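J.: File follows, final.txt with compact mmCIF, C-alpha atoms:
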# COMPACT_ATOMS: atom_id res chain seq x y z
CA MET D 259 50.29 -14.11 -22.60
CA GLN D 260 47.98 -16.00 -20.27
CA PRO D 261 44.24 -15.27 -20.60
CA ALA D 262 42.72 -13.39 -17.70
CA ILE D 263 40.74 -15.54 -15.28
CA LEU D 264 37.61 -13.91 -13.97
CA PRO D 265 37.14 -14.02 -10.21
CA ILE D 266 34.15 -16.10 -9.19
CA ASP D 267 32.10 -13.03 -8.23
CA ASP D 268 32.31 -11.84 -11.86
CA VAL D 269 30.87 -15.09 -13.24
CA SER D 270 27.10 -15.24 -13.46
CA TYR D 271 25.51 -17.70 -11.09
CA THR D 272 22.63 -18.18 -13.54
CA LEU D 273 22.84 -21.14 -15.91
CA VAL D 274 20.44 -22.23 -18.62
CA VAL D 275 20.33 -26.02 -18.66
CA PRO D 276 18.44 -28.36 -20.98
CA SER D 277 15.91 -30.59 -19.30
CA VAL D 278 13.02 -32.89 -20.09
CA TYR D 279 10.74 -29.96 -19.20
CA GLY D 280 12.46 -27.46 -21.50
CA SER D 281 15.30 -24.99 -21.04
CA VAL D 282 15.51 -23.99 -17.39
CA MET D 283 17.28 -21.13 -15.61
CA VAL D 284 18.97 -22.30 -12.41
CA ASN D 285 21.66 -21.23 -9.96
CA ARG D 286 24.95 -22.97 -10.79
CA PHE D 287 25.75 -23.30 -7.07
CA ASP D 288 22.52 -25.09 -6.15
CA THR D 289 23.26 -28.52 -4.71
CA ASN D 290 19.80 -29.96 -5.17
CA GLN D 291 17.82 -29.40 -8.37
CA THR D 292 20.69 -27.99 -10.42
CA ASN D 293 22.81 -31.01 -9.61
CA ALA D 294 20.03 -33.40 -10.66
CA LEU D 295 19.14 -31.47 -13.83
CA ILE D 296 22.73 -31.33 -15.09
CA LYS D 297 23.35 -35.02 -14.44
CA THR D 298 20.01 -36.51 -15.49
CA THR D 299 18.03 -33.72 -17.29
CA SER D 300 15.27 -34.42 -14.74
CA ALA D 301 14.41 -33.02 -11.32
CA ILE D 302 14.97 -35.00 -8.14
CA ASP D 303 11.17 -35.18 -7.82
CA THR D 304 10.57 -36.01 -11.45
CA ASN D 305 7.87 -38.63 -10.69
CA GLU D 306 5.78 -36.10 -8.79
CA ILE D 307 6.22 -33.52 -11.54
CA ALA D 308 5.13 -36.05 -14.15
CA VAL D 309 1.98 -36.93 -12.21
CA MET D 310 1.06 -33.29 -11.62
CA ALA D 311 1.59 -32.51 -15.30
CA GLN D 312 -0.61 -35.44 -16.29
CA LEU D 313 -3.31 -34.23 -13.92
CA ALA D 314 -3.00 -30.70 -15.33
CA SER D 315 -3.52 -32.04 -18.84
CA GLN D 316 -6.96 -33.35 -17.80
CA LEU D 317 -8.32 -30.28 -16.02
CA PRO D 318 -11.62 -28.65 -16.96
CA LEU D 319 -11.35 -25.92 -19.55
CA GLY D 320 -10.25 -22.56 -18.20
CA SER D 321 -9.46 -23.73 -14.67
CA THR D 322 -6.59 -22.60 -12.44
CA VAL D 323 -3.44 -24.29 -11.12
CA VAL D 324 -1.48 -22.93 -8.15
CA ASP D 325 2.20 -23.62 -7.44
CA MET D 326 3.20 -22.32 -3.99
CA GLY D 327 6.96 -22.42 -3.64
CA ALA D 328 7.97 -22.57 -7.29
CA ASN D 329 11.75 -22.59 -6.71
CA PHE D 330 13.24 -22.84 -10.25
CA GLY D 331 9.78 -23.37 -11.73
CA LEU D 332 10.00 -27.01 -12.83
CA TYR D 333 6.47 -27.87 -11.69
CA THR D 334 5.18 -24.58 -13.09
CA LEU D 335 6.79 -25.18 -16.48
CA ALA D 336 5.63 -28.79 -16.77
CA MET D 337 2.08 -28.08 -15.60
CA ALA D 338 1.71 -24.97 -17.75
CA LYS D 339 2.79 -26.83 -20.88
CA ALA D 340 0.44 -29.69 -20.05
CA CYS D 341 -2.64 -27.58 -19.39
CA ALA D 342 -2.16 -24.98 -22.13
CA PRO D 343 -4.47 -26.87 -24.57
CA ARG D 344 -7.15 -26.67 -21.86
CA ALA D 345 -6.82 -22.86 -21.67
CA CYS D 346 -5.80 -23.18 -18.02
CA THR D 347 -3.55 -20.77 -16.12
CA VAL D 348 -0.79 -21.62 -13.65
CA HIS D 349 -0.09 -19.11 -10.88
CA ALA D 350 3.40 -19.61 -9.40
CA PHE D 351 4.48 -18.06 -6.09
CA GLU D 352 8.17 -17.62 -5.26
CA ALA D 353 9.19 -15.42 -2.34
CA GLN D 354 12.92 -15.25 -3.13
CA ARG D 355 13.15 -12.35 -5.55
CA VAL D 356 16.23 -13.62 -7.39
CA ILE D 357 14.72 -17.09 -7.83
CA ALA D 358 11.42 -15.60 -8.97
CA TYR D 359 13.31 -13.77 -11.72
CA MET D 360 14.73 -17.12 -12.86
CA VAL D 361 11.23 -18.61 -13.10
CA CYS D 362 10.18 -15.65 -15.28
CA GLY D 363 13.21 -16.25 -17.49
CA THR D 364 12.43 -19.94 -17.83
CA LEU D 365 8.86 -19.24 -18.90
CA ALA D 366 10.08 -16.68 -21.45
CA LEU D 367 12.68 -19.11 -22.85
CA ASN D 368 9.95 -21.69 -23.38
CA ALA D 369 7.39 -19.22 -24.78
CA VAL D 370 4.93 -20.19 -22.05
CA GLU D 371 2.08 -17.68 -21.96
CA ASN D 372 -0.36 -19.36 -19.58
CA ALA D 373 1.69 -18.96 -16.39
CA VAL D 374 1.96 -15.97 -14.06
CA VAL D 375 4.82 -15.55 -11.58
CA HIS D 376 4.07 -13.78 -8.30
CA HIS D 377 7.02 -12.54 -6.24
CA LEU D 378 5.01 -13.03 -3.05
CA ALA D 379 5.04 -15.21 0.02
CA VAL D 380 1.87 -17.11 0.91
CA GLY D 381 0.67 -17.42 4.49
CA ALA D 382 -2.22 -17.17 6.93
CA HIS D 383 -2.52 -13.39 6.82
CA GLU D 384 -1.44 -10.30 4.91
CA SER D 385 1.86 -8.77 6.05
CA GLU D 386 5.43 -8.01 5.06
CA ILE D 387 8.08 -10.54 6.00
CA ASP D 388 11.85 -10.68 5.72
CA ILE D 389 13.46 -12.35 2.72
CA PRO D 390 16.16 -14.59 4.23
CA LYS D 391 19.52 -13.40 2.94
CA PHE D 392 22.00 -15.84 1.42
CA ASN D 393 24.88 -15.36 -1.01
CA TYR D 394 23.69 -16.66 -4.38
CA ARG D 395 27.32 -17.03 -5.44
CA GLN D 396 27.96 -19.71 -2.82
CA ILE D 397 26.98 -23.36 -2.63
CA SER D 398 23.51 -23.90 -1.15
CA SER D 399 20.23 -25.72 -1.62
CA TYR D 400 18.16 -22.72 -2.65
CA GLY D 401 14.90 -24.64 -2.70
CA SER D 402 15.36 -25.30 1.02
CA VAL D 403 15.38 -21.67 2.18
CA GLU D 404 13.00 -21.21 5.11
CA PHE D 405 10.99 -18.03 5.67
CA GLY D 406 10.40 -18.68 9.35
CA THR D 407 12.24 -16.95 12.18
CA GLU D 408 15.29 -19.16 11.64
CA GLN D 409 16.86 -21.47 9.08
CA LYS D 410 16.54 -24.83 10.84
CA GLU D 411 18.05 -26.92 8.03
CA PHE D 412 21.66 -26.12 7.18
CA ILE D 413 21.76 -25.60 3.42
CA GLY D 414 25.46 -25.00 2.83
CA GLN D 415 26.00 -21.51 4.19
CA PRO D 416 24.76 -19.51 7.18
CA ARG D 417 21.77 -17.20 6.94
CA GLN D 418 22.68 -13.51 7.07
CA ALA D 419 20.77 -10.57 8.49
CA SER D 420 17.84 -9.74 6.23
CA THR D 421 17.99 -6.54 4.19
CA GLU D 422 14.85 -6.97 2.09
CA LYS D 423 11.19 -7.73 2.62
CA VAL D 424 8.51 -9.41 0.55
CA ARG D 425 4.75 -9.05 0.75
CA GLN D 426 2.91 -12.02 2.20
CA VAL D 427 -0.63 -12.68 0.98
CA THR D 428 -3.29 -15.28 1.60
CA LEU D 429 -4.28 -17.42 -1.34
CA ASP D 430 -7.91 -16.52 -0.69
CA SER D 431 -7.09 -12.82 -1.19
CA MET D 432 -5.91 -13.53 -4.75
CA ASN D 433 -9.49 -14.39 -5.78
CA PHE D 434 -8.48 -17.04 -8.29
CA ALA D 435 -11.40 -18.71 -10.04
CA ASP D 436 -11.93 -22.48 -10.29
CA VAL D 437 -8.72 -23.70 -8.65
CA ARG D 438 -8.49 -27.41 -9.47
CA LEU D 439 -4.84 -28.33 -8.81
CA MET D 440 -2.45 -27.08 -6.14
CA LYS D 441 1.13 -27.82 -5.09
CA ILE D 442 2.47 -26.47 -1.79
CA ASP D 443 6.17 -26.75 -0.95
CA ILE D 444 7.17 -23.77 1.18
CA GLU D 445 9.61 -25.18 3.72
CA GLY D 446 7.58 -25.30 6.91
CA MET D 447 4.96 -22.67 6.06
CA GLU D 448 2.50 -25.20 4.67
CA GLU D 449 0.09 -25.02 7.62
CA ALA D 450 -0.03 -21.22 7.46
CA ALA D 451 -0.61 -21.28 3.70
CA LEU D 452 -3.51 -23.72 4.10
CA ALA D 453 -5.07 -21.49 6.76
CA GLY D 454 -5.00 -18.64 4.25
CA ALA D 455 -6.34 -20.87 1.45
CA GLN D 456 -9.21 -22.39 3.41
CA GLY D 457 -11.94 -20.58 1.50
CA THR D 458 -10.50 -21.47 -1.90
CA ILE D 459 -10.03 -25.13 -0.95
CA GLU D 460 -13.54 -25.47 0.49
CA ARG D 461 -15.09 -23.76 -2.53
CA ASP D 462 -13.18 -25.42 -5.39
CA ARG D 463 -11.86 -28.63 -3.73
CA PRO D 464 -8.62 -28.86 -5.72
CA LEU D 465 -6.36 -31.88 -5.69
CA CYS D 466 -3.38 -30.86 -3.54
CA LEU D 467 0.22 -32.05 -3.31
CA VAL D 468 1.65 -30.82 0.01
CA GLU D 469 5.18 -31.34 1.32
CA TRP D 470 5.15 -32.19 5.03
CA ILE D 471 8.77 -32.78 6.09
CA LYS D 472 9.18 -29.40 7.84
CA SER D 473 5.58 -29.11 9.04
CA ASP D 474 3.28 -30.95 11.44
CA LYS D 475 2.25 -33.90 9.29
CA ALA D 476 -0.67 -34.84 11.55
CA ALA D 477 -2.01 -31.29 11.42
CA LEU D 478 -1.84 -31.24 7.62
CA VAL D 479 -3.64 -34.58 7.40
CA ALA D 480 -6.29 -33.37 9.82
CA PHE D 481 -6.88 -30.19 7.80
CA PHE D 482 -7.81 -32.20 4.72
CA LYS D 483 -9.69 -34.97 6.49
CA GLN D 484 -11.88 -32.36 8.17
CA ARG D 485 -12.85 -31.32 4.64
CA ASN D 486 -13.66 -34.88 3.52
CA TYR D 487 -10.47 -35.41 1.51
CA THR D 488 -8.72 -38.72 1.07
CA VAL D 489 -5.07 -38.28 2.07
CA LEU D 490 -2.35 -40.49 0.58
CA ASP D 491 1.18 -40.75 1.95
CA TRP D 492 3.63 -40.13 -0.91
CA GLY D 493 7.17 -39.98 0.46
CA MET D 494 7.82 -36.47 1.74
CA ASN D 495 4.47 -35.32 0.32
CA LEU D 496 0.79 -35.76 1.01
CA LEU D 497 -1.47 -36.28 -1.98
CA CYS D 498 -4.85 -34.92 -0.94
CA LEU D 499 -7.80 -36.00 -3.07
CA PRO D 500 -11.24 -34.36 -2.98
CA SER D 501 -12.58 -37.67 -4.29
CA THR D 502 -11.02 -40.93 -5.43
CA ASP D 503 -12.07 -40.03 -8.99
CA ALA D 504 -9.68 -37.05 -8.84
CA PHE D 505 -6.65 -39.35 -9.15
CA PRO D 506 -7.16 -41.58 -12.20
CA PHE D 507 -4.02 -43.70 -11.68
CA GLN D 508 -3.35 -47.05 -10.09
CA HIS D 509 -1.12 -46.58 -7.08
CA SER D 510 0.25 -48.33 -4.01
CA LEU D 511 0.25 -45.26 -1.77
CA THR D 512 -0.91 -45.62 1.83
CA ILE D 513 -4.18 -43.96 2.83
CA LEU D 514 -3.71 -42.02 6.07
Output the file's structure in the form of structure tokens.

T.:
Amino acid sequence: MQPAILPIDDVSYTLVVPSVYGSVMVNRFDTNQTNALIKTTSAIDTNEIAVMAQLASQLPLGSTVVDMGANFGLYTLAMAKACAPRACTVHAFEAQRVIAYMVCGTLALNAVENAVVHHLAVGAHESEIDIPKFNYRQISSYGSVEFGTEQKEFIGQPRQASTEKVRQVTLDSMNFADVRLMKIDIEGMEEAALAGAQGTIERDRPLCLVEWIKSDKAALVAFFKQRNYTVLDWGMNLLCLPSTDAFPFQHSLTIL
């Protein structure tokens, strides 16, 4: 008698994979981070994660870290572990509900207590927006999902009509205290998120890592320069420093 073979829809798309950051919940069909984690145990942006974790380990006691666009939570996990001895808290935002659940699972698997997951989008104003609908049982790059009016980058499958909404907040409305480190990777919504975080950034002057590849790079640079930041060009990211002392590493990055 041949064993029954489960149809693909009956097989969980959630995998737990070992990584240099700890055990991580991912989508088995993800072509980006899952592929890298399985093959190398590290993320595709492992250098950036390592730097942000090192910075988190040196934060003032009791300060706050923000991760906008957590995806599978690799930055969140690494930064939370690094800053736990400093009694710091990481606040992770992930607007895809299913992916946000995975981040929660990852934190639970690693017994991380100093991170909070928010199933919220971050933008320039308070509203409700559509959650782009994709089939999580099909091949895609789930960290590349765009919350704009259209999916400009093809990620492996077409976007379907939305059937679910998520609340969008401004970072300023969250009233976090002493924000010292911030990562923003939200697939083209970076400018809007900065507009809604202006008060927090001007008050606390955190070091910021901001992805620019789907946004107006010049506008992002201008936002920080207008606030007397030094902006370094780091591949697809901008490293925005409130002072040169905020980045205690030798580097060969270009100042913009």

J.: Could you please determine the separation between CA of Gly457 in chain D and CA of Phe351 in chain D in Å, to one decimal place?

T.: 18.3 Å

J.: Counting all atoms listed in the file, what are the residues of range 411-465 of chain D within 7 Å of range 489-500 of chain D, and for each of them which pair of atoms is the nearest and at what distance in Å, to one decimal? Sort the table by chain and rising number, as a tab-separated table.

T.:
residue	atom	partner	partner_atom	distance
D:Arg463	CA	D:Pro500	CA	5.8
D:Pro464	CA	D:Pro500	CA	6.7
D:Leu465	CA	D:Leu499	CA	5.1

J.: Using only C-alpha atoms, pick whichever of D:Gly327, D:Pro343, D:Gly401, D:Gly414 has the shortest atom-to-atom distance to Val375 in chain D.

T.: D:Gly327

J.: Neighbours of range 386-392 of chain D within 10 Å (all atoms listed in the file; same-chain residues fewer than 4 positions away dropped), as a ChimeraX atom specification?

T.: /D:353-355,378-379,396-398,400,403-409,413-427

J.: Output the selection as a compact mmCIF listing (two decimals), in the frame of the given file - C-alpha atoms for each residue.

T.:
# COMPACT_ATOMS: atom_id res chain seq x y z
CA ALA D 353 9.19 -15.42 -2.34
CA GLN D 354 12.92 -15.25 -3.13
CA ARG D 355 13.15 -12.35 -5.55
CA LEU D 378 5.01 -13.03 -3.05
CA ALA D 379 5.04 -15.21 0.02
CA GLN D 396 27.96 -19.71 -2.82
CA ILE D 397 26.98 -23.36 -2.63
CA SER D 398 23.51 -23.90 -1.15
CA TYR D 400 18.16 -22.72 -2.65
CA VAL D 403 15.38 -21.67 2.18
CA GLU D 404 13.00 -21.21 5.11
CA PHE D 405 10.99 -18.03 5.67
CA GLY D 406 10.40 -18.68 9.35
CA THR D 407 12.24 -16.95 12.18
CA GLU D 408 15.29 -19.16 11.64
CA GLN D 409 16.86 -21.47 9.08
CA ILE D 413 21.76 -25.60 3.42
CA GLY D 414 25.46 -25.00 2.83
CA GLN D 415 26.00 -21.51 4.19
CA PRO D 416 24.76 -19.51 7.18
CA ARG D 417 21.77 -17.20 6.94
CA GLN D 418 22.68 -13.51 7.07
CA ALA D 419 20.77 -10.57 8.49
CA SER D 420 17.84 -9.74 6.23
CA THR D 421 17.99 -6.54 4.19
CA GLU D 422 14.85 -6.97 2.09
CA LYS D 423 11.19 -7.73 2.62
CA VAL D 424 8.51 -9.41 0.55
CA ARG D 425 4.75 -9.05 0.75
CA GLN D 426 2.91 -12.02 2.20
CA VAL D 427 -0.63 -12.68 0.98

J.: What does the distance between CA of Val278 in chain D and CA of Ser315 in chain D come to in Å, to one decimal place?

T.: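 Here the two named atoms are 16.6 Å from each other.
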
J.: Could you pull the residues within 8 Å of range 433-444 of chain D, counting only C-alpha atoms, minus those fewer than 2 positions along the same chain, as an MDAnalysis selection string?

T.: chainID D and resid 313:314 317 321:328 404 429:431 446:448 458:459 462:469
